[in-house]
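Student: Questions regarding the structure given below will be posed in turn.
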Amino acid sequence: MRLGDLAKRLSCELRGDATVEISRVAAIEAAGPGDLTFVANPRYARHLATTRASAVILATAAPDVPLPSLRTDDPYLAFAAAVECFHQAPAVVPEIHPSAVIASSATVGARASIGAHAVIGDGVRIGDDARIGPHVVLYPDVDIGQRFVAQAHVTVRERVRIGDDVVLQSGAVIGSDGFGYVPTAEGGIRKLIQAGDVVLEDGVEIGANTTIDRAAIGSTVIRRGAKIDNLVMIAHGCEVGENSMVAAQVGLSGSTRIGRWVRIGGQAGTAGHLSVGDGAQIAAQSGVPNSVPAGAVVGGYPAIDMPLWRRVTAAVTRLPNLLRRVRRIEKRLDMGRPDGGQS
Amino acid sequence: MRLGDLAKRLSCELRGDATVEISRVAAIEAAGPGDLTFVANPRYARHLATTRASAVILATAAPDVPLPSLRTDDPYLAFAAAVECFHQAPAVVPEIHPSAVIASSATVGARASIGAHAVIGDGVRIGDDARIGPHVVLYPDVDIGQRFVAQAHVTVRERVRIGDDVVLQSGAVIGSDGFGYVPTAEGGIRKLIQAGDVVLEDGVEIGANTTIDRAAIGSTVIRRGAKIDNLVMIAHGCEVGENSMVAAQVGLSGSTRIGRWVRIGGQAGTAGHLSVGDGAQIAAQSGVPNSVPAGAVVGGYPAIDMPLWRRVTAAVTRLPNLLRRVRRIEKRLDMGRPDGGQS
Amino acid sequence: MRLGDLAKRLSCELRGDATVEISRVAAIEAAGPGDLTFVANPRYARHLATTRASAVILATAAPDVPLPSLRTDDPYLAFAAAVECFHQAPAVVPEIHPSAVIASSATVGARASIGAHAVIGDGVRIGDDARIGPHVVLYPDVDIGQRFVAQAHVTVRERVRIGDDVVLQSGAVIGSDGFGYVPTAEGGIRKLIQAGDVVLEDGVEIGANTTIDRAAIGSTVIRRGAKIDNLVMIAHGCEVGENSMVAAQVGLSGSTRIGRWVRIGGQAGTAGHLSVGDGAQIAAQSGVPNSVPAGAVVGGYPAIDMPLWRRVTAAVTRLPNLLRRVRRIEKRLDMGRPDGGQS
């Protein structure tokens with residue numbers, strides 16, 4: 001595709017030769033002739049002088065560069081669109097593989113693709129245009145909307161309800177039993193029946209090998225448009241709000257309520273029975289012990305306001321020296337130490 | 001069911017109208033007419049004034065409330081029992097699906113339910129009343145007791161031994177190879193054969209997508225009644241003691257020995273070759289570098305006694321200010337700083 | 001096997017009775033008559049006085065012991081070799097199970113073993129001597145070298161390229177979609193097509209339920225000989241260098257570049273778009289915010305040089321007391337506190 005045509009498709013301003021032929025999108029360090037690359041993260045700008053790419057997507061305000069550029073206010077979005085221009089998605093033939101086991105009481109919409117050895121249980125209802133991979137298991141009475149995508153080895157347990165345009169990556173488990181036990185007077189442990197379910201609203205995407213437990217009573221809910229990465233644990237009774245994004249290996253303890261447009265960094269965890277307000281941000285690896293107000297940015301273990309956490313982590317490296325300094329002051333003042341310890 | 005009858009079934013004291021009809025158990029914020037709710041965690045007590053529930057399970061000693069109540073010394077246990085009263089478990093018809101692949105040398109007890117595409121290997125022995133979900137894979141020579149429950153996509157590797165009343169959630173992997181390698185003199189890496197096995201004793205429950213590695217030699221052992229949550233990693237040669245509870249995303253390094261009635265919070269980790277004594281508690285996200293005595297309560301990274309850790313995390317937020325205070329003292333005393341640095 | 005013969009096979013120096021019969025390798029606390037045990041980690045040496053083992057593998061320089069010993073400079077390597085001597089691997093009959101679904105356009109090398117219900121997609125190419133477990137799913141156009149081993153429930157997504165001698169443990173997902181989204185001007189979220197792939201070079205081993213996401217563009221690459229443990233998350237566009245070892249539950253954010261012979265402890269995490277130099281070591285549970293130089297040893301949250309982190313974690317427990325000491329100095333000097341706070 002010629003760069004000039006691409007500029008039009010991506011709604012970018014063209015600076016440079018419109019006739020350059022582009023056949024691929026590539027990262028700036030890997031790009032060669034015929035490749036379109038991009039700089040959205042400033043730390044890659046230093047590669048602009050040496051890249052062998054034929055053209056680059058750049059912010060409108062970025063300095064001049066020695067190669068043709070496509071200018072836009074949102075280079076990452078234009079990059080995403082460029083990748084789509086060149087991507088050939090695997091062809092999906094609407095076919096129901098003969099080895100799939102589909103209950104006679106299940107109803108499957110038009111143009112469904114159902115992979116080898118998939119299992120569709122009693123009373124399952126699925127909308128149109130489903131793409132169900134091999135080895136997907138849908139337990140009885142699962143209810144699913146339009147354009148469902150499930151990759152190989154997904155498990156959806158009984159009675160889970162799923163909206164339109166939901167994507168489940170391989171190995172995701174939706175509706176496993178919550179972790180609920182009660183010690184008994186006899187010195188044993190009683191399992192608390194997990195009688196609730198899970199609801200995934202429209203546009204939700206769930207990452208590979210992520211687990212979302214069913215509620216003990218009521219529902220665990222992932223609201224419209226929320227995106228959950230790989231290996232995340234969402235415990236029974238949690239709610240994740242609209243368009244929130246939860247990075248890999250995060251763990252939400254039981255009955256955590258996450259608001260809308262919240263961002264949670266990888267490996268962070270929340271204690272149970274707390275809420276995180278709309279638009280809040282939680283840094284990677286944080287441990288959140290208490291509720292977080294809307295719009296707050298928190299980090300650390302335990303999590304506190306991010307600017308304070310940054311100051312604390314800088315100060316903490318000076319602590320061994322500070323101990324020596326205080327001891328020196330005490331000596332100057334001829335003061336013993338209240339703990340009687342050795343400096 | 002009438003509230004009076006429910007009080008008898010749950011062995012609770014009834015305060016209020018015995019004729020109220022109850023049809024469901026619901027969380028206090030979601031409950032409406034016809035619902036029984038409960039307050040076990042004090043932070044939900046504020047909802048008692050506004051709940052629309054028809055009745056509530058409460059501690060005997062809790063204050064009077066404006067709605068009928070069932071009183072008991074253990075509201076959470078009564079709640080668990082109430083959920084069971086109203087829960088209709090999915091009907092299980094003892095049926096062996098024709099698509100299951102069962103080795104002729106395998107023996108399966110009475111009344112087994114085996115799901116579609118399950119695979120039962122050579123020499124496997126399974127007790128009575130097994131409920132084996134679709135796509136469960138049992139490798140050769142696995143030995144399993146009575147009332148085994150395995151949800152879809154469970155993997156049990158060769159020679160694993162499983163007791164009675166064990167429950168495995170979807171995607172759990174029992175008996176994967178331990179992570180054992182030795183650098184060689186030739187500059188490569190040699191895999192250490194993982195020749196051992198895994199033992200799950202009676203009443204163990206393993207969460208979704210949790211992995212329990214087989215021992216290099218001997219056994220990785222999960223003792224009677226222990227409960228392991230989702231996405232937990234238990235490395236080769238570990239032992240988890242009776243009735244211990246391990247929350248989600250915990251990682252136990254190789255040869256960790258956990259005692260009885262231990263509780264480990266989510267995302268905590270232990271270094272290898274250490275032991276945790278009976279009844280100890282490890283806070284969520286802690287990093288445990290050394291053995292923990294019986295009954296200890298530890299937290300932090302690295303983990304220390306919990307009361308000290310709480311004081312440290314409170315003090316640490318005052319550290320940036322403390323640095324300024326010490327600098328001010330040094331100035332007053334006309335002392336330079338031993339590190340020659342800038343305040 | 002007689003101990004003298006074993007000494008020859010393991011290239012160890014024999015000290016003691018060559019005629020002792022050995023039938024098994026066992027851990028020092030579990031060993032009994034007929035067992036060979038070993039001490040590689042010094043913390044187990046105290047068991048040498050009481051072990052019931054018939055012989056022990058020991059460092060050449062270790063003190064005399066009351067039982068026969070095999071001496072070597074690398075007891076762990078000799079232990080690994082001893083385990084192999086006695087291990088009987090499960091017999092693998094090269095058999096293609098009739099329930100496997102193999103596309104007519106796929107090519108499978110000689111002596112392949114393919115388990116029940118495995119699915120081999122269109123255009124897949126697999127080398128000789130493959131051992132593919134039950135329920136393994138290989139999406140279309142996957143390309144795999146010689147001696148491939150995949151345990152039950154592995155998923156390999158479309159176009160992933162795999163070298164020789166690669167081992168995938170159960171539940172591993174290779175090539176799932178990367179977590180890439182762009183907020184749109186209309187207030188929604190757009191999924192960034194993940195058009196790239198994954199490359200696993202020769203000798204790579206991937207742990208159970210680990211997920212390796214495909215790149216948005218280009219490749220996520222695991223270099224020759226690298227070993228990845230269970231439940232690890234490797235995000236889109238990462239590279240892990242030759243012979244590096246990544247312990248369980250580690251998370252690498254997008255575009256992280258790990259050098260050769262790097263060791264990363266369990267549950268550690270890296271921020272994205274950074275590099276870790278050859279031979280670096282990252283302690284368990286660390287959070288790595290910035291690039292790490294070759295050969296560095298870092299730890300902590302956020303990660304700093306390990307010796308400094310050790311001093312910091314020791315000093316931090318003295319912080320509550322330090323606050324009291326500084327307050328006492330201020331009182332002595334009749335200084336108020338700059339923050340006006342209470343001591």
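The chains in the structure tokens are called A, B, ... from first to last as shown; in each chain the residues are counted from 1, and the ligands are counted from 1 in the order shown.
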So which bits of range 23-241 of chain B end up helix (DSSP H, G or I) when you DSSP the backbone, as a compact mmCIF listing (two decimals) with all heavy atoms, in the first residue's frame?
Tutor:
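Generated file (part02.txt):
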# COMPACT_ATOMS: atom_id res chain seq x y z
N PRO B 42 -18.79 -7.06 60.76
CA PRO B 42 -19.40 -5.85 61.34
C PRO B 42 -19.50 -4.68 60.37
O PRO B 42 -20.35 -3.81 60.54
CB PRO B 42 -18.45 -5.49 62.50
CG PRO B 42 -17.68 -6.74 62.79
CD PRO B 42 -17.62 -7.51 61.52
N ARG B 43 -18.65 -4.69 59.31
CA ARG B 43 -18.69 -3.51 58.45
C ARG B 43 -19.97 -3.44 57.62
O ARG B 43 -20.22 -2.44 56.96
CB ARG B 43 -17.43 -3.43 57.59
CG ARG B 43 -17.39 -4.25 56.37
CD ARG B 43 -16.18 -3.85 55.52
NE ARG B 43 -14.95 -4.50 56.00
CZ ARG B 43 -13.74 -4.21 55.55
NH1 ARG B 43 -13.58 -3.28 54.64
NH2 ARG B 43 -12.67 -4.85 55.99
N TYR B 44 -20.74 -4.53 57.64
CA TYR B 44 -22.02 -4.50 56.92
C TYR B 44 -23.20 -4.14 57.83
O TYR B 44 -24.32 -4.00 57.35
CB TYR B 44 -22.27 -5.84 56.22
CG TYR B 44 -21.33 -6.07 55.06
CD1 TYR B 44 -20.15 -6.79 55.21
CD2 TYR B 44 -21.61 -5.52 53.81
CE1 TYR B 44 -19.28 -6.97 54.15
CE2 TYR B 44 -20.75 -5.71 52.74
CZ TYR B 44 -19.58 -6.43 52.92
OH TYR B 44 -18.72 -6.61 51.86
N ALA B 45 -22.95 -3.96 59.14
CA ALA B 45 -24.05 -3.73 60.08
C ALA B 45 -24.78 -2.42 59.79
O ALA B 45 -25.99 -2.32 60.03
CB ALA B 45 -23.51 -3.73 61.52
N ARG B 46 -24.06 -1.44 59.23
CA ARG B 46 -24.72 -0.16 58.94
C ARG B 46 -25.87 -0.29 57.94
O ARG B 46 -26.73 0.57 57.86
CB ARG B 46 -23.69 0.85 58.42
CG ARG B 46 -23.07 0.44 57.11
CD ARG B 46 -21.85 1.29 56.76
NE ARG B 46 -21.03 0.61 55.78
CZ ARG B 46 -21.15 0.79 54.46
NH1 ARG B 46 -22.05 1.61 53.97
NH2 ARG B 46 -20.36 0.12 53.63
N HIS B 47 -25.87 -1.40 57.17
CA HIS B 47 -26.96 -1.58 56.20
C HIS B 47 -28.24 -2.10 56.85
O HIS B 47 -29.27 -2.17 56.20
CB HIS B 47 -26.53 -2.56 55.10
CG HIS B 47 -25.41 -2.05 54.25
ND1 HIS B 47 -25.56 -1.00 53.38
CD2 HIS B 47 -24.11 -2.45 54.14
CE1 HIS B 47 -24.42 -0.77 52.76
NE2 HIS B 47 -23.51 -1.63 53.20
N LEU B 48 -28.18 -2.46 58.14
CA LEU B 48 -29.36 -3.06 58.79
C LEU B 48 -30.54 -2.08 58.82
O LEU B 48 -31.70 -2.51 58.77
CB LEU B 48 -29.00 -3.51 60.21
CG LEU B 48 -28.28 -4.87 60.27
CD1 LEU B 48 -27.69 -5.09 61.65
CD2 LEU B 48 -29.25 -5.99 59.91
N ALA B 49 -30.23 -0.80 58.90
CA ALA B 49 -31.31 0.19 59.00
C ALA B 49 -32.08 0.32 57.69
O ALA B 49 -33.25 0.71 57.69
CB ALA B 49 -30.74 1.54 59.41
N PRO B 75 -22.99 -16.47 63.16
CA PRO B 75 -23.86 -16.10 62.04
C PRO B 75 -23.36 -16.61 60.69
O PRO B 75 -24.17 -16.94 59.82
CB PRO B 75 -23.86 -14.57 62.07
CG PRO B 75 -23.42 -14.19 63.44
CD PRO B 75 -22.52 -15.29 63.91
N TYR B 76 -22.05 -16.71 60.52
CA TYR B 76 -21.54 -17.12 59.21
C TYR B 76 -21.86 -18.59 58.95
O TYR B 76 -22.24 -18.98 57.85
CB TYR B 76 -20.03 -16.87 59.13
CG TYR B 76 -19.52 -16.89 57.71
CD1 TYR B 76 -19.90 -15.91 56.79
CD2 TYR B 76 -18.67 -17.90 57.27
CE1 TYR B 76 -19.44 -15.93 55.48
CE2 TYR B 76 -18.21 -17.93 55.96
CZ TYR B 76 -18.59 -16.94 55.06
OH TYR B 76 -18.14 -16.97 53.77
N LEU B 77 -21.74 -19.40 60.01
CA LEU B 77 -22.07 -20.82 59.88
C LEU B 77 -23.57 -21.00 59.59
O LEU B 77 -23.97 -21.81 58.74
CB LEU B 77 -21.68 -21.56 61.17
CG LEU B 77 -21.66 -23.08 61.14
CD1 LEU B 77 -20.75 -23.63 60.06
CD2 LEU B 77 -21.22 -23.62 62.50
N ALA B 78 -24.41 -20.21 60.28
CA ALA B 78 -25.85 -20.30 60.02
C ALA B 78 -26.18 -19.84 58.60
O ALA B 78 -27.04 -20.42 57.93
CB ALA B 78 -26.61 -19.47 61.04
N PHE B 79 -25.48 -18.83 58.15
CA PHE B 79 -25.65 -18.37 56.77
C PHE B 79 -25.32 -19.49 55.79
O PHE B 79 -26.06 -19.77 54.84
CB PHE B 79 -24.76 -17.14 56.53
CG PHE B 79 -24.42 -16.89 55.09
CD1 PHE B 79 -25.40 -16.54 54.17
CD2 PHE B 79 -23.10 -17.01 54.66
CE1 PHE B 79 -25.07 -16.30 52.83
CE2 PHE B 79 -22.77 -16.78 53.33
CZ PHE B 79 -23.75 -16.43 52.42
N ALA B 80 -24.18 -20.16 56.05
CA ALA B 80 -23.79 -21.28 55.19
C ALA B 80 -24.89 -22.34 55.13
O ALA B 80 -25.22 -22.86 54.07
CB ALA B 80 -22.48 -21.90 55.68
N ALA B 81 -25.44 -22.65 56.30
CA ALA B 81 -26.50 -23.66 56.34
C ALA B 81 -27.76 -23.18 55.63
O ALA B 81 -28.45 -23.96 54.96
CB ALA B 81 -26.81 -24.02 57.79
N ALA B 82 -28.06 -21.90 55.76
CA ALA B 82 -29.24 -21.35 55.08
C ALA B 82 -29.09 -21.43 53.56
O ALA B 82 -30.04 -21.77 52.85
CB ALA B 82 -29.46 -19.90 55.52
N VAL B 83 -27.88 -21.12 53.07
CA VAL B 83 -27.66 -21.21 51.63
C VAL B 83 -27.92 -22.64 51.15
O VAL B 83 -28.56 -22.86 50.12
CB VAL B 83 -26.21 -20.78 51.28
CG1 VAL B 83 -25.89 -21.08 49.82
CG2 VAL B 83 -26.03 -19.29 51.55
N GLU B 84 -27.46 -23.60 51.94
CA GLU B 84 -27.69 -25.00 51.56
C GLU B 84 -29.18 -25.34 51.50
O GLU B 84 -29.62 -26.12 50.66
CB GLU B 84 -26.99 -25.94 52.55
CG GLU B 84 -25.51 -26.04 52.28
CD GLU B 84 -24.83 -27.12 53.13
OE1 GLU B 84 -25.53 -28.04 53.61
OE2 GLU B 84 -23.60 -27.02 53.31
N CYS B 85 -29.96 -24.77 52.43
CA CYS B 85 -31.41 -25.06 52.45
C CYS B 85 -32.08 -24.69 51.13
O CYS B 85 -33.00 -25.36 50.68
CB CYS B 85 -32.10 -24.26 53.56
SG CYS B 85 -31.76 -24.87 55.21
N PHE B 86 -31.61 -23.60 50.52
CA PHE B 86 -32.29 -23.10 49.33
C PHE B 86 -31.59 -23.49 48.03
O PHE B 86 -32.12 -23.27 46.95
CB PHE B 86 -32.41 -21.58 49.41
CG PHE B 86 -33.36 -21.12 50.47
CD1 PHE B 86 -32.90 -20.67 51.70
CD2 PHE B 86 -34.73 -21.18 50.26
CE1 PHE B 86 -33.77 -20.27 52.68
CE2 PHE B 86 -35.62 -20.77 51.24
CZ PHE B 86 -35.13 -20.31 52.46
Student: Can you check which residues of chain A have any atom within 7 Å of chain B? Use only C-alpha atoms and format it as a list in words.
Tutor: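 Close to chain B, chain A has Thr155, Val173, Ser176, Phe179, Val182, Leu192, Ile193, Ala195, Asn209, Thr211, Ile217, Gly218, Arg311, Val312 and Ala315 of chain A.
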Student: What would the file look like if the residues just selected were written as a compact mmCIF listing (two decimals), in the first residue's frame with N, CA and C atoms?
Tutor:
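Writing done, so here's result22.txt:
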# COMPACT_ATOMS: atom_id res chain seq x y z
N THR A 155 -13.26 -22.85 30.13
CA THR A 155 -14.34 -23.50 30.89
C THR A 155 -15.33 -22.43 31.36
N VAL A 173 -11.22 -19.71 33.27
CA VAL A 173 -12.24 -20.47 33.99
C VAL A 173 -13.24 -19.47 34.57
N SER A 176 -15.89 -20.88 38.56
CA SER A 176 -15.41 -21.88 39.52
C SER A 176 -15.94 -21.54 40.91
N PHE A 179 -13.94 -19.54 47.21
CA PHE A 179 -13.15 -20.15 48.30
C PHE A 179 -13.83 -19.79 49.61
N VAL A 182 -16.07 -22.62 56.51
CA VAL A 182 -16.33 -22.20 57.88
C VAL A 182 -15.80 -23.28 58.81
N LEU A 192 -18.70 -23.88 52.28
CA LEU A 192 -19.87 -23.04 52.06
C LEU A 192 -20.28 -23.19 50.60
N ILE A 193 -21.47 -23.71 50.38
CA ILE A 193 -21.97 -23.89 49.02
C ILE A 193 -21.88 -22.57 48.26
N ALA A 195 -23.52 -20.85 45.74
CA ALA A 195 -24.80 -20.98 45.04
C ALA A 195 -25.04 -19.89 44.01
N ASN A 209 -5.96 -18.25 31.22
CA ASN A 209 -5.80 -18.90 32.53
C ASN A 209 -6.23 -18.02 33.70
N THR A 211 -9.02 -16.77 36.38
CA THR A 211 -10.14 -17.46 37.04
C THR A 211 -11.08 -16.44 37.67
N ILE A 217 -23.56 -16.17 47.10
CA ILE A 217 -24.94 -15.82 46.77
C ILE A 217 -24.89 -14.59 45.89
N GLY A 218 -25.86 -14.42 45.03
CA GLY A 218 -25.82 -13.31 44.08
C GLY A 218 -24.83 -13.59 42.97
N ARG A 311 8.11 9.23 47.46
CA ARG A 311 9.06 9.86 48.39
C ARG A 311 9.57 8.84 49.41
N VAL A 312 8.67 7.98 49.87
CA VAL A 312 9.07 6.97 50.87
C VAL A 312 10.11 6.03 50.29
N ALA A 315 13.37 7.74 50.15
CA ALA A 315 13.93 8.00 51.47
C ALA A 315 14.45 6.72 52.12
Student: May I ask for the distance between CA of Ile114 in chain C and CA of Glu95 in chain C, given in Å to one decimal place?
Tutor: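 Between CA of Ile114 in chain C and CA of Glu95 in chain C the gap is 6.2 Å.
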Student: Apply DSSP to the structure's backbone, then extract all residues of range 72-289 of chain A labelled strand (DSSP E) and return them as number ranges by chain.
Tutor: A: 72, 101-102, 107-108, 113-114, 119-120, 125-126, 131-132, 137-138, 143-144, 149-150, 155-156, 161-162, 167-168, 173-176, 181-183, 189-191, 197-200, 205-206, 211-213, 219-222, 227-228, 233-234, 239-240, 245-246, 251-252, 257-258, 263-264, 269-270, 275-276, 281-282, 287-288
Student: Go ahead and save the residues from that selection, with C-alpha atoms, as a PDB file, in the first residue's frame.
Tutor:
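As written to disk, selection09.pdb reads:
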ATOM      1  CA  THR A  72      -1.554  12.432  14.316  1.00  0.00           C
ATOM      2  CA  VAL A 101     -20.757 -32.767  21.897  1.00  0.00           C
ATOM      3  CA  ILE A 102     -23.782 -30.480  21.823  1.00  0.00           C
ATOM      4  CA  THR A 107     -29.601 -23.598  21.154  1.00  0.00           C
ATOM      5  CA  VAL A 108     -26.846 -22.149  19.004  1.00  0.00           C
ATOM      6  CA  SER A 113     -18.120 -22.068  14.451  1.00  0.00           C
ATOM      7  CA  ILE A 114     -17.649 -24.813  17.049  1.00  0.00           C
ATOM      8  CA  VAL A 119     -18.819 -29.547  24.845  1.00  0.00           C
ATOM      9  CA  ILE A 120     -22.069 -27.561  24.984  1.00  0.00           C
ATOM     10  CA  ARG A 125     -28.139 -20.668  24.728  1.00  0.00           C
ATOM     11  CA  ILE A 126     -25.666 -18.970  22.397  1.00  0.00           C
ATOM     12  CA  ARG A 131     -16.537 -18.659  17.428  1.00  0.00           C
ATOM     13  CA  ILE A 132     -16.020 -21.437  19.911  1.00  0.00           C
ATOM     14  CA  VAL A 137     -16.562 -26.568  27.742  1.00  0.00           C
ATOM     15  CA  LEU A 138     -19.832 -24.763  28.456  1.00  0.00           C
ATOM     16  CA  ASP A 143     -26.479 -18.007  28.495  1.00  0.00           C
ATOM     17  CA  ILE A 144     -24.355 -16.162  25.920  1.00  0.00           C
ATOM     18  CA  VAL A 149     -15.317 -15.783  21.055  1.00  0.00           C
ATOM     19  CA  ALA A 150     -13.792 -18.507  23.235  1.00  0.00           C
ATOM     20  CA  THR A 155     -14.337 -23.497  30.890  1.00  0.00           C
ATOM     21  CA  VAL A 156     -17.633 -21.757  31.631  1.00  0.00           C
ATOM     22  CA  ARG A 161     -24.455 -15.289  31.952  1.00  0.00           C
ATOM     23  CA  ILE A 162     -22.422 -13.643  29.195  1.00  0.00           C
ATOM     24  CA  VAL A 167     -13.807 -12.710  24.301  1.00  0.00           C
ATOM     25  CA  LEU A 168     -12.361 -15.440  26.530  1.00  0.00           C
ATOM     26  CA  VAL A 173     -12.235 -20.469  33.993  1.00  0.00           C
ATOM     27  CA  ILE A 174     -15.484 -18.579  34.548  1.00  0.00           C
ATOM     28  CA  GLY A 175     -17.657 -19.609  37.460  1.00  0.00           C
ATOM     29  CA  SER A 176     -15.409 -21.885  39.520  1.00  0.00           C
ATOM     30  CA  TYR A 181     -15.191 -22.378  54.284  1.00  0.00           C
ATOM     31  CA  VAL A 182     -16.329 -22.200  57.877  1.00  0.00           C
ATOM     32  CA  PRO A 183     -14.525 -23.862  60.771  1.00  0.00           C
ATOM     33  CA  ILE A 189     -13.999 -27.289  58.070  1.00  0.00           C
ATOM     34  CA  ARG A 190     -17.328 -26.964  56.308  1.00  0.00           C
ATOM     35  CA  LYS A 191     -17.521 -25.934  52.664  1.00  0.00           C
ATOM     36  CA  ASP A 197     -23.174 -17.158  39.516  1.00  0.00           C
ATOM     37  CA  VAL A 198     -21.030 -14.919  37.311  1.00  0.00           C
ATOM     38  CA  VAL A 199     -22.140 -12.209  34.901  1.00  0.00           C
ATOM     39  CA  LEU A 200     -19.877 -10.931  32.112  1.00  0.00           C
ATOM     40  CA  GLU A 205     -12.402  -9.661  27.527  1.00  0.00           C
ATOM     41  CA  ILE A 206     -10.844 -12.208  29.898  1.00  0.00           C
ATOM     42  CA  THR A 211     -10.137 -17.462  37.038  1.00  0.00           C
ATOM     43  CA  ILE A 212     -13.377 -15.734  37.990  1.00  0.00           C
ATOM     44  CA  ASP A 213     -15.140 -17.426  40.872  1.00  0.00           C
ATOM     45  CA  SER A 219     -23.335 -12.658  41.295  1.00  0.00           C
ATOM     46  CA  THR A 220     -19.724 -11.881  40.587  1.00  0.00           C
ATOM     47  CA  VAL A 221     -20.017  -9.178  37.918  1.00  0.00           C
ATOM     48  CA  ILE A 222     -17.654  -7.846  35.264  1.00  0.00           C
ATOM     49  CA  LYS A 227     -10.679  -5.923  30.216  1.00  0.00           C
ATOM     50  CA  ILE A 228      -8.967  -8.512  32.409  1.00  0.00           C
ATOM     51  CA  MET A 233      -7.889 -14.034  40.233  1.00  0.00           C
ATOM     52  CA  ILE A 234     -11.298 -12.494  40.810  1.00  0.00           C
ATOM     53  CA  GLU A 239     -17.621  -6.424  40.869  1.00  0.00           C
ATOM     54  CA  VAL A 240     -15.379  -4.804  38.235  1.00  0.00           C
ATOM     55  CA  MET A 245      -8.551  -2.574  33.035  1.00  0.00           C
ATOM     56  CA  VAL A 246      -6.955  -5.188  35.270  1.00  0.00           C
ATOM     57  CA  GLY A 251      -5.843 -10.726  42.745  1.00  0.00           C
ATOM     58  CA  LEU A 252      -9.132  -9.296  43.990  1.00  0.00           C
ATOM     59  CA  ARG A 257     -15.937  -3.472  44.272  1.00  0.00           C
ATOM     60  CA  ILE A 258     -13.971  -1.795  41.522  1.00  0.00           C
ATOM     61  CA  ARG A 263      -6.650   0.791  36.141  1.00  0.00           C
ATOM     62  CA  ILE A 264      -4.914  -1.849  38.200  1.00  0.00           C
ATOM     63  CA  GLY A 269      -3.895  -7.258  45.242  1.00  0.00           C
ATOM     64  CA  THR A 270      -6.864  -5.969  47.198  1.00  0.00           C
ATOM     65  CA  SER A 275     -14.286  -0.468  47.144  1.00  0.00           C
ATOM     66  CA  VAL A 276     -12.150   1.369  44.601  1.00  0.00           C
ATOM     67  CA  GLN A 281      -5.298   3.945  39.560  1.00  0.00           C
ATOM     68  CA  ILE A 282      -3.488   1.245  41.512  1.00  0.00           C
ATOM     69  CA  GLY A 287      -1.333  -4.220  48.257  1.00  0.00           C
ATOM     70  CA  VAL A 288      -4.566  -2.322  48.847  1.00  0.00           C
TER      71      VAL A 288
END
Student: Calculate how many Å separate CA of Arg325 in chain A from CA of Asp334 in chain B, rounding to one decimal.
Tutor: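 Between CA of Arg325 in chain A and CA of Asp334 in chain B the gap is 13.1 Å.
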Student: Rounded to one decimal in Å, what is the spacing between CA of Gly259 in chain B and CA of Ala53 in chain C?
Tutor: 25.3 Å
